[in-house]
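**Student:** Next up, model21.txt (compact mmCIF, C-alpha atoms).
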```txt
# COMPACT_ATOMS: atom_id res chain seq x y z
CA MET A 15 57.40 82.33 158.84
CA THR A 16 57.08 79.31 156.65
CA LEU A 17 58.79 76.01 157.19
CA ILE A 18 61.32 76.67 154.42
CA GLU A 19 62.22 80.01 155.98
CA GLY A 20 62.66 78.46 159.40
CA LEU A 21 64.86 75.72 157.98
CA THR A 22 66.93 78.28 156.08
CA ALA A 23 67.39 80.36 159.22
CA LEU A 24 68.45 77.29 161.18
CA LEU A 25 70.98 76.28 158.52
CA LEU A 26 72.36 79.82 158.30
CA LEU A 27 72.81 80.10 162.05
CA THR A 28 74.39 76.64 162.32
CA GLY A 29 76.81 77.48 159.53
CA ALA A 30 77.77 80.81 161.05
CA PHE A 31 78.26 79.14 164.44
CA PHE A 32 80.59 76.49 163.03
CA MET A 33 82.62 79.10 161.17
CA LEU A 34 82.92 81.23 164.30
CA MET A 35 84.12 78.17 166.22
CA GLY A 36 86.77 77.58 163.57
CA ALA A 37 87.98 81.15 163.99
CA VAL A 38 88.06 80.78 167.77
CA GLY A 39 90.04 77.57 167.26
CA ILE A 40 92.69 79.24 165.14
CA VAL A 41 93.23 81.84 167.86
CA ARG A 42 93.14 79.56 170.88
CA MET A 43 94.94 76.39 169.76
CA PRO A 44 98.61 76.10 170.74
CA ASP A 45 100.37 74.78 167.61
CA LEU A 46 100.02 74.71 163.83
CA PHE A 47 98.56 71.23 163.52
CA MET A 48 95.91 71.75 166.19
CA ARG A 49 94.96 75.07 164.63
CA MET A 50 94.59 73.34 161.30
CA SER A 51 92.54 70.56 162.81
CA ALA A 52 90.20 73.13 164.36
CA THR A 53 89.76 75.33 161.30
CA THR A 54 89.66 73.03 158.31
CA LYS A 55 86.88 70.77 159.47
CA SER A 56 84.56 73.26 161.12
CA ALA A 57 84.92 75.95 158.45
CA THR A 58 84.20 73.42 155.71
CA LEU A 59 81.11 72.22 157.54
CA GLY A 60 80.02 75.82 158.10
CA VAL A 61 80.34 76.67 154.40
CA SER A 62 78.32 73.63 153.41
CA PHE A 63 75.53 74.55 155.84
CA MET A 64 75.38 78.10 154.51
CA MET A 65 75.37 76.95 150.89
CA LEU A 66 72.52 74.56 151.69
CA ALA A 67 70.67 77.54 153.19
CA VAL A 68 71.21 79.47 149.95
CA ALA A 69 69.96 76.55 147.87
CA LEU A 70 66.82 76.32 150.04
CA HIS A 71 66.22 80.07 150.05
CA PHE A 72 66.32 80.66 146.31
CA ASN A 73 64.55 77.41 145.41
CA ASP A 74 65.84 77.37 141.84
CA LEU A 75 67.54 74.55 139.96
CA ALA A 76 70.42 76.58 138.53
CA ILE A 77 71.22 78.24 141.84
CA GLY A 78 70.87 75.03 143.81
CA ALA A 79 73.23 73.26 141.41
CA ARG A 80 75.75 76.08 141.85
CA ALA A 81 75.51 75.89 145.63
CA LEU A 82 75.92 72.12 145.60
CA ALA A 83 78.89 72.42 143.23
CA THR A 84 80.51 74.83 145.67
CA ILE A 85 79.96 72.39 148.53
CA LEU A 86 81.39 69.51 146.50
CA PHE A 87 84.40 71.56 145.49
CA VAL A 88 85.15 72.72 149.02
CA PHE A 89 84.78 69.18 150.35
CA LEU A 90 87.22 67.93 147.70
CA THR A 91 89.86 70.61 148.04
CA ALA A 92 89.91 71.56 151.73
CA PRO A 93 91.48 68.29 152.97
CA ILE A 94 94.06 68.33 150.17
CA ALA A 95 95.07 71.92 150.88
CA ALA A 96 95.25 71.26 154.62
CA HIS A 97 97.37 68.15 154.07
CA MET A 98 99.77 70.04 151.83
CA ILE A 99 100.27 72.88 154.31
CA ALA A 100 100.65 70.45 157.21
CA ARG A 101 103.26 68.46 155.27
CA ALA A 102 105.16 71.59 154.29
CA GLY A 103 105.05 72.80 157.88
CA TYR A 104 106.25 69.45 159.24
CA LEU A 105 109.10 69.29 156.74
CA ARG A 106 110.12 72.80 157.75
CA GLY A 107 110.25 71.70 161.36
CA VAL A 108 107.37 73.61 162.86
CA SER A 109 107.51 72.89 166.56
CA LEU A 110 104.79 70.84 168.20
CA TRP A 111 102.97 71.81 171.34
CA GLN A 112 105.07 71.11 174.44
CA GLY A 113 102.38 68.81 175.83
CA THR A 114 102.41 66.56 172.76
CA ILE A 115 102.82 62.94 173.83
CA SER A 116 103.22 61.18 170.49
CA ASP A 117 104.67 62.11 167.08
CA GLU A 118 104.26 59.09 164.84
CA LEU A 119 105.94 60.80 161.90
CA GLN A 120 109.17 61.32 163.78
CA GLY A 121 112.08 59.88 161.78
CA ARG A 122 109.76 58.72 159.03
CA TYR A 123 110.21 61.65 156.66
CA ASP A 124 113.25 61.95 154.44
CA MET A 125 113.85 65.64 155.06
CA GLU A 126 115.76 66.07 151.78
CA THR A 127 113.32 64.56 149.33
CA GLY A 128 110.17 64.83 151.40
CA GLU A 129 109.40 61.13 150.93
CA LEU A 130 107.49 59.32 153.64
CA GLU A 131 108.69 55.92 154.75
CA SER A 132 105.91 53.53 155.60
CA GLY A 133 105.49 49.94 156.65
CA THR A 134 106.82 48.24 159.72
CA PRO A 135 108.67 50.46 162.19
CA ALA A 136 112.39 50.40 161.43
CA MET A 137 113.29 52.22 164.61
CA ALA A 138 113.42 51.34 168.25
CA PRO A 139 110.48 49.56 169.88
CA PRO A 140 107.95 51.67 171.76
CA GLN A 141 109.52 53.84 174.40
CA GLY A 142 106.87 53.77 177.08
CA GLU A 143 106.84 51.43 180.03
CA PRO A 144 104.15 48.77 179.96
CA GLU A 145 101.13 49.71 181.99
CA ASP A 146 100.78 48.26 185.45
CA MET B 18 62.25 89.13 162.08
CA THR B 19 62.52 88.23 158.45
CA LEU B 20 65.18 86.07 156.95
CA HIS B 21 66.86 89.10 155.41
CA ASP B 22 67.16 90.77 158.82
CA LEU B 23 68.51 87.58 160.35
CA ALA B 24 71.19 87.29 157.68
CA LEU B 25 72.05 90.97 157.82
CA TYR B 26 72.07 91.58 161.58
CA LEU B 27 73.07 88.22 163.04
CA VAL B 28 74.85 85.99 160.53
CA LEU B 29 77.05 88.58 158.84
CA PRO B 30 78.26 90.13 162.14
CA LEU B 31 79.15 86.66 163.44
CA LEU B 32 81.19 86.04 160.30
CA GLY B 33 82.75 89.47 160.68
CA ILE B 34 83.94 88.59 164.19
CA ALA B 35 85.30 85.32 162.84
CA LEU B 36 87.17 87.21 160.10
CA LEU B 37 88.72 89.54 162.68
CA LEU B 38 89.89 86.55 164.75
CA ALA B 39 91.46 84.96 161.67
CA LEU B 40 93.06 88.31 160.78
CA TRP B 41 94.63 88.39 164.24
CA ARG B 42 96.27 85.03 163.61
CA LEU B 43 97.35 86.17 160.13
CA LEU B 44 99.13 89.21 161.54
CA ARG B 45 100.61 87.47 164.56
CA GLY B 46 102.07 84.34 162.99
CA PRO B 47 104.20 83.07 164.63
CA ARG B 48 105.49 81.21 161.54
CA THR B 49 104.60 81.27 157.87
CA PRO B 50 102.47 78.09 157.81
CA ASP B 51 100.26 79.61 160.53
CA ARG B 52 99.68 82.62 158.32
CA VAL B 53 98.83 80.42 155.35
CA VAL B 54 96.29 78.54 157.44
CA ALA B 55 94.78 81.84 158.58
CA LEU B 56 94.56 83.04 154.97
CA ASP B 57 92.88 79.80 153.95
CA LEU B 58 90.37 80.19 156.77
CA MET B 59 89.68 83.78 155.75
CA VAL B 60 88.83 82.71 152.21
CA THR B 61 86.48 80.04 153.56
CA LEU B 62 84.86 82.67 155.81
CA GLY B 63 84.56 84.85 152.71
CA LEU B 64 82.58 82.06 151.03
CA GLY B 65 80.20 82.06 153.98
CA THR B 66 79.95 85.83 153.90
CA ILE B 67 79.03 85.74 150.23
CA ALA B 68 76.34 83.15 150.94
CA GLY B 69 74.92 85.25 153.79
CA TYR B 70 75.03 88.42 151.71
CA ALA B 71 73.32 86.67 148.79
CA ILE B 72 70.44 85.78 151.11
CA ALA B 73 70.35 89.23 152.72
CA THR B 74 70.09 91.03 149.39
CA ASP B 75 68.36 88.34 147.29
CA GLN B 76 71.14 88.48 144.74
CA ALA B 77 71.74 84.95 143.51
CA ALA B 78 74.40 86.12 141.05
CA LEU B 79 76.87 86.45 143.94
CA LEU B 80 77.15 82.66 144.10
CA ASP B 81 79.31 82.62 140.97
CA VAL B 82 81.84 84.67 142.89
CA ALA B 83 81.82 82.08 145.67
CA LEU B 84 82.53 79.26 143.21
CA VAL B 85 85.44 81.11 141.59
CA LEU B 86 86.80 82.13 144.99
CA ALA B 87 86.82 78.51 146.15
CA LEU B 88 88.76 77.52 143.03
CA ILE B 89 91.34 80.25 143.35
CA SER B 90 91.87 79.72 147.07
CA PHE B 91 92.77 76.08 146.46
CA LEU B 92 95.33 77.09 143.83
CA GLY B 93 96.74 79.74 146.16
CA THR B 94 97.07 77.39 149.13
CA THR B 95 98.74 74.75 146.97
CA ALA B 96 101.20 77.32 145.63
CA PHE B 97 101.98 78.48 149.16
CA ALA B 98 102.60 74.90 150.27
CA TYR B 99 105.05 74.29 147.41
CA TYR B 100 106.75 77.58 148.15
CA LEU B 101 107.13 76.72 151.82
CA GLN B 102 108.53 73.31 151.03
CA ARG B 103 111.06 74.42 148.42
CA ARG B 104 112.30 77.56 150.11
CA PRO B 105 115.49 77.25 152.17
CA GLU B 106 115.12 77.87 155.88
CA ALA B 107 113.91 81.30 156.91
```
If you convert what's in this file into structure tokens, what do you get?

**Tutor:**
Amino acid sequence: MTLIEGLTALLLLTGAFFMLMGAVGIVRMPDLFMRMSATTKSATLGVSFMMLAVALHFNDLAIGARALATILFVFLTAPIAAHMIARAGYLRGVSLWQGTISDELQGRYDMETGELESGTPAMAPPQGEPED
Amino acid sequence: MTLHDLALYLVLPLLGIALLLALWRLLRGPRTPDRVVALDLMVTLGLGTIAGYAIATDQAALLDVALVLALISFLGTTAFAYYLQRRPEA
């Protein structure tokens, strides 16, 4: 087994592991946003590892460029897609996990127009008691 | 163990298990955004499967499919997000 083959095998296995962890995350996590946080990042990383393995394995300029273009495209679009679904889910009132301790978006979204208010907090001061 | 065997007997089964797990979430819900996330994950897993299969069979032409699939999945997820946001409560 040459060095390139060993490196390809390592990249393939790492990629498959990350993708499997993403799938475990989508089953095990308790609410939409945690599921998204588990899947989007690890699956994207897994795809990029596997595409790097392909680029190493074929050792050809055209194929390597295609693999790198796929990586670039996935890295560009995955966060945008995840943000759009998360926003749509939040605006539709998807419930958070019961153990959630902080929702910084609460009261910030105009539920009619979907616009996000930013800047200094216009609401009540922090609820929690100061720490002892 | 050659690289082809590794891809065929270890990497592709792992991705198959991952696809089944994502399919479970797709069928179970509980709400529509969860299903959309599961669908998105399944497409990403499909990209990985194509990469593994390309190595297992030495067919580099399969990578074009991966590129087009990535493009279409982004359009699909965006459309789903708009649909979810515009649709009245259900």

**Student:** Might you pull out every residue within 9 Å of Thr95 (chain B), with all atoms listed in the file counted and same-chain residues fewer than 5 positions away left off, and present them as a ChimeraX atom specification?

**Tutor:** /A:94-95,98-99 /B:90,100

**Student:** Those selected residues, please, written with C-alpha atoms and delivered as an mmCIF file, in the coordinates of the input.

**Tutor:**
```cif
data_model
loop_
_atom_site.group_PDB
_atom_site.id
_atom_site.type_symbol
_atom_site.label_atom_id
_atom_site.label_comp_id
_atom_site.auth_asym_id
_atom_site.auth_seq_id
_atom_site.Cartn_x
_atom_site.Cartn_y
_atom_site.Cartn_z
ATOM 1 C CA ILE A 94 94.060 68.330 150.170
ATOM 2 C CA ALA A 95 95.070 71.920 150.880
ATOM 3 C CA MET A 98 99.770 70.040 151.830
ATOM 4 C CA ILE A 99 100.270 72.880 154.310
ATOM 5 C CA SER B 90 91.870 79.720 147.070
ATOM 6 C CA TYR B 100 106.750 77.580 148.150
#
```

**Student:** Choose the residue, out of A:Val61, A:Met43, A:Leu24, A:Leu130, that has the smallest atom-to-atom separation from chain B; count all atoms listed in the file.

**Tutor:** A:Val61

**Student:** Pull out every residue of chain B sitting within 7 Å of chain A, counting only C-alpha atoms, and send them as a ChimeraX atom specification.

**Tutor:** /B:20,28,31-32,35,38-39,42,50-51,54,58,61-62,64-65,68,72,77,84,87,91,94-95,98,101-102

**Student:** How many Å lie between CA of Gly33 (chain B) and CA of Thr66 (chain B), rounded to one decimal?

**Tutor:**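 Going from CA of Gly33 (chain B) over to CA of Thr66 (chain B) covers 8.2 Å.
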
**Student:** Which is closer to Leu23 (chain B) than all the others in B:Leu40, B:Ile67, B:Ala73, B:Val53, using only C-alpha atoms?

**Tutor:**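 Looking at the shortest contact to Leu23 (chain B), the residue is B:Ala73.
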
**Student:** What is the CA of Ser51 (chain A) to CA of Pro93 (chain A) distance in Å?

**Tutor:**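 Taking CA of Ser51 (chain A) and CA of Pro93 (chain A), their separation equals 10.2 Å.
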
**Student:** Need the shell around Arg52 (chain B): protein/DNA/RNA residues with any atom at most 8 Å away, counting all atoms listed in the file. Skip same-chain ones fewer than 5 positions apart. Format as an mmCIF file with C-alpha atoms, in the coordinates of the input?

**Tutor:**
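The file below, around_18.cif, is the result:
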```cif
data_model
loop_
_atom_site.group_PDB
_atom_site.id
_atom_site.type_symbol
_atom_site.label_atom_id
_atom_site.label_comp_id
_atom_site.auth_asym_id
_atom_site.auth_seq_id
_atom_site.Cartn_x
_atom_site.Cartn_y
_atom_site.Cartn_z
ATOM 1 C CA ARG B 42 96.270 85.030 163.610
ATOM 2 C CA LEU B 43 97.350 86.170 160.130
ATOM 3 C CA LEU B 44 99.130 89.210 161.540
ATOM 4 C CA ARG B 45 100.610 87.470 164.560
ATOM 5 C CA GLY B 46 102.070 84.340 162.990
ATOM 6 C CA PRO B 47 104.200 83.070 164.630
#
```

**Student:** In Å, rounded to a single decimal, give me how far CA of Val85 (chain B) is from CA of Leu86 (chain A).

**Tutor:**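 These two atoms are separated by 13.2 Å.
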
**Student:** Using the partial input, fill out region 53-83 of chain A with N, CA and C atoms; write the result as a short mmCIF file (atom, residue, chain, number, x, y, z; two decimals), keeping the file's coordinate frame.

**Tutor:**
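Saved as result.cif:
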```cif
data_model
loop_
_atom_site.label_atom_id
_atom_site.label_comp_id
_atom_site.auth_asym_id
_atom_site.auth_seq_id
_atom_site.Cartn_x
_atom_site.Cartn_y
_atom_site.Cartn_z
N THR A 53 90.37 74.47 162.32
CA THR A 53 89.76 75.33 161.30
C THR A 53 89.23 74.56 160.10
N THR A 54 90.03 73.63 159.58
CA THR A 54 89.66 73.03 158.31
C THR A 54 88.30 72.35 158.37
N LYS A 55 88.12 71.54 159.41
CA LYS A 55 86.88 70.77 159.47
C LYS A 55 85.67 71.66 159.73
N SER A 56 85.77 72.52 160.75
CA SER A 56 84.56 73.26 161.12
C SER A 56 84.22 74.32 160.08
N ALA A 57 85.24 74.94 159.46
CA ALA A 57 84.92 75.95 158.45
C ALA A 57 84.29 75.30 157.22
N THR A 58 84.79 74.11 156.85
CA THR A 58 84.20 73.42 155.71
C THR A 58 82.74 73.07 155.98
N LEU A 59 82.49 72.56 157.19
CA LEU A 59 81.11 72.22 157.54
C LEU A 59 80.24 73.47 157.54
N GLY A 60 80.78 74.58 158.06
CA GLY A 60 80.02 75.82 158.10
C GLY A 60 79.66 76.30 156.71
N VAL A 61 80.63 76.25 155.78
CA VAL A 61 80.34 76.67 154.40
C VAL A 61 79.25 75.81 153.80
N SER A 62 79.32 74.49 154.04
CA SER A 62 78.32 73.63 153.41
C SER A 62 76.94 73.92 153.98
N PHE A 63 76.84 74.19 155.28
CA PHE A 63 75.53 74.55 155.84
C PHE A 63 74.99 75.83 155.20
N MET A 64 75.86 76.83 155.05
CA MET A 64 75.38 78.10 154.51
C MET A 64 74.99 77.96 153.05
N MET A 65 75.74 77.13 152.30
CA MET A 65 75.37 76.95 150.89
C MET A 65 74.05 76.19 150.77
N LEU A 66 73.82 75.24 151.69
CA LEU A 66 72.52 74.56 151.69
C LEU A 66 71.41 75.56 151.97
N ALA A 67 71.66 76.51 152.90
CA ALA A 67 70.67 77.54 153.19
C ALA A 67 70.37 78.36 151.95
N VAL A 68 71.42 78.70 151.18
CA VAL A 68 71.21 79.47 149.95
C VAL A 68 70.37 78.67 148.96
N ALA A 69 70.71 77.38 148.81
CA ALA A 69 69.96 76.55 147.87
C ALA A 69 68.49 76.47 148.27
N LEU A 70 68.21 76.37 149.58
CA LEU A 70 66.82 76.32 150.04
C LEU A 70 66.13 77.66 149.82
N HIS A 71 66.84 78.75 150.09
CA HIS A 71 66.22 80.07 150.05
C HIS A 71 65.80 80.45 148.65
N PHE A 72 66.66 80.20 147.66
CA PHE A 72 66.32 80.66 146.31
C PHE A 72 65.42 79.68 145.58
N ASN A 73 65.49 78.39 145.96
CA ASN A 73 64.55 77.41 145.41
C ASN A 73 64.53 77.43 143.88
N ASP A 74 65.72 77.31 143.29
CA ASP A 74 65.84 77.37 141.84
C ASP A 74 66.90 76.35 141.43
N LEU A 75 66.66 75.66 140.33
CA LEU A 75 67.54 74.55 139.96
C LEU A 75 68.96 75.02 139.68
N ALA A 76 69.08 76.12 138.91
CA ALA A 76 70.42 76.58 138.53
C ALA A 76 71.20 77.02 139.76
N ILE A 77 70.52 77.74 140.65
CA ILE A 77 71.22 78.24 141.84
C ILE A 77 71.55 77.11 142.80
N GLY A 78 70.61 76.17 142.95
CA GLY A 78 70.87 75.03 143.81
C GLY A 78 72.04 74.21 143.31
N ALA A 79 72.11 74.02 141.97
CA ALA A 79 73.23 73.26 141.41
C ALA A 79 74.55 73.98 141.69
N ARG A 80 74.54 75.32 141.59
CA ARG A 80 75.75 76.08 141.85
C ARG A 80 76.18 75.93 143.32
N ALA A 81 75.19 76.02 144.21
CA ALA A 81 75.51 75.89 145.63
C ALA A 81 76.06 74.50 145.92
N LEU A 82 75.44 73.47 145.35
CA LEU A 82 75.92 72.12 145.60
C LEU A 82 77.30 71.91 144.99
N ALA A 83 77.55 72.54 143.82
CA ALA A 83 78.89 72.42 143.23
C ALA A 83 79.93 73.06 144.12
#
```
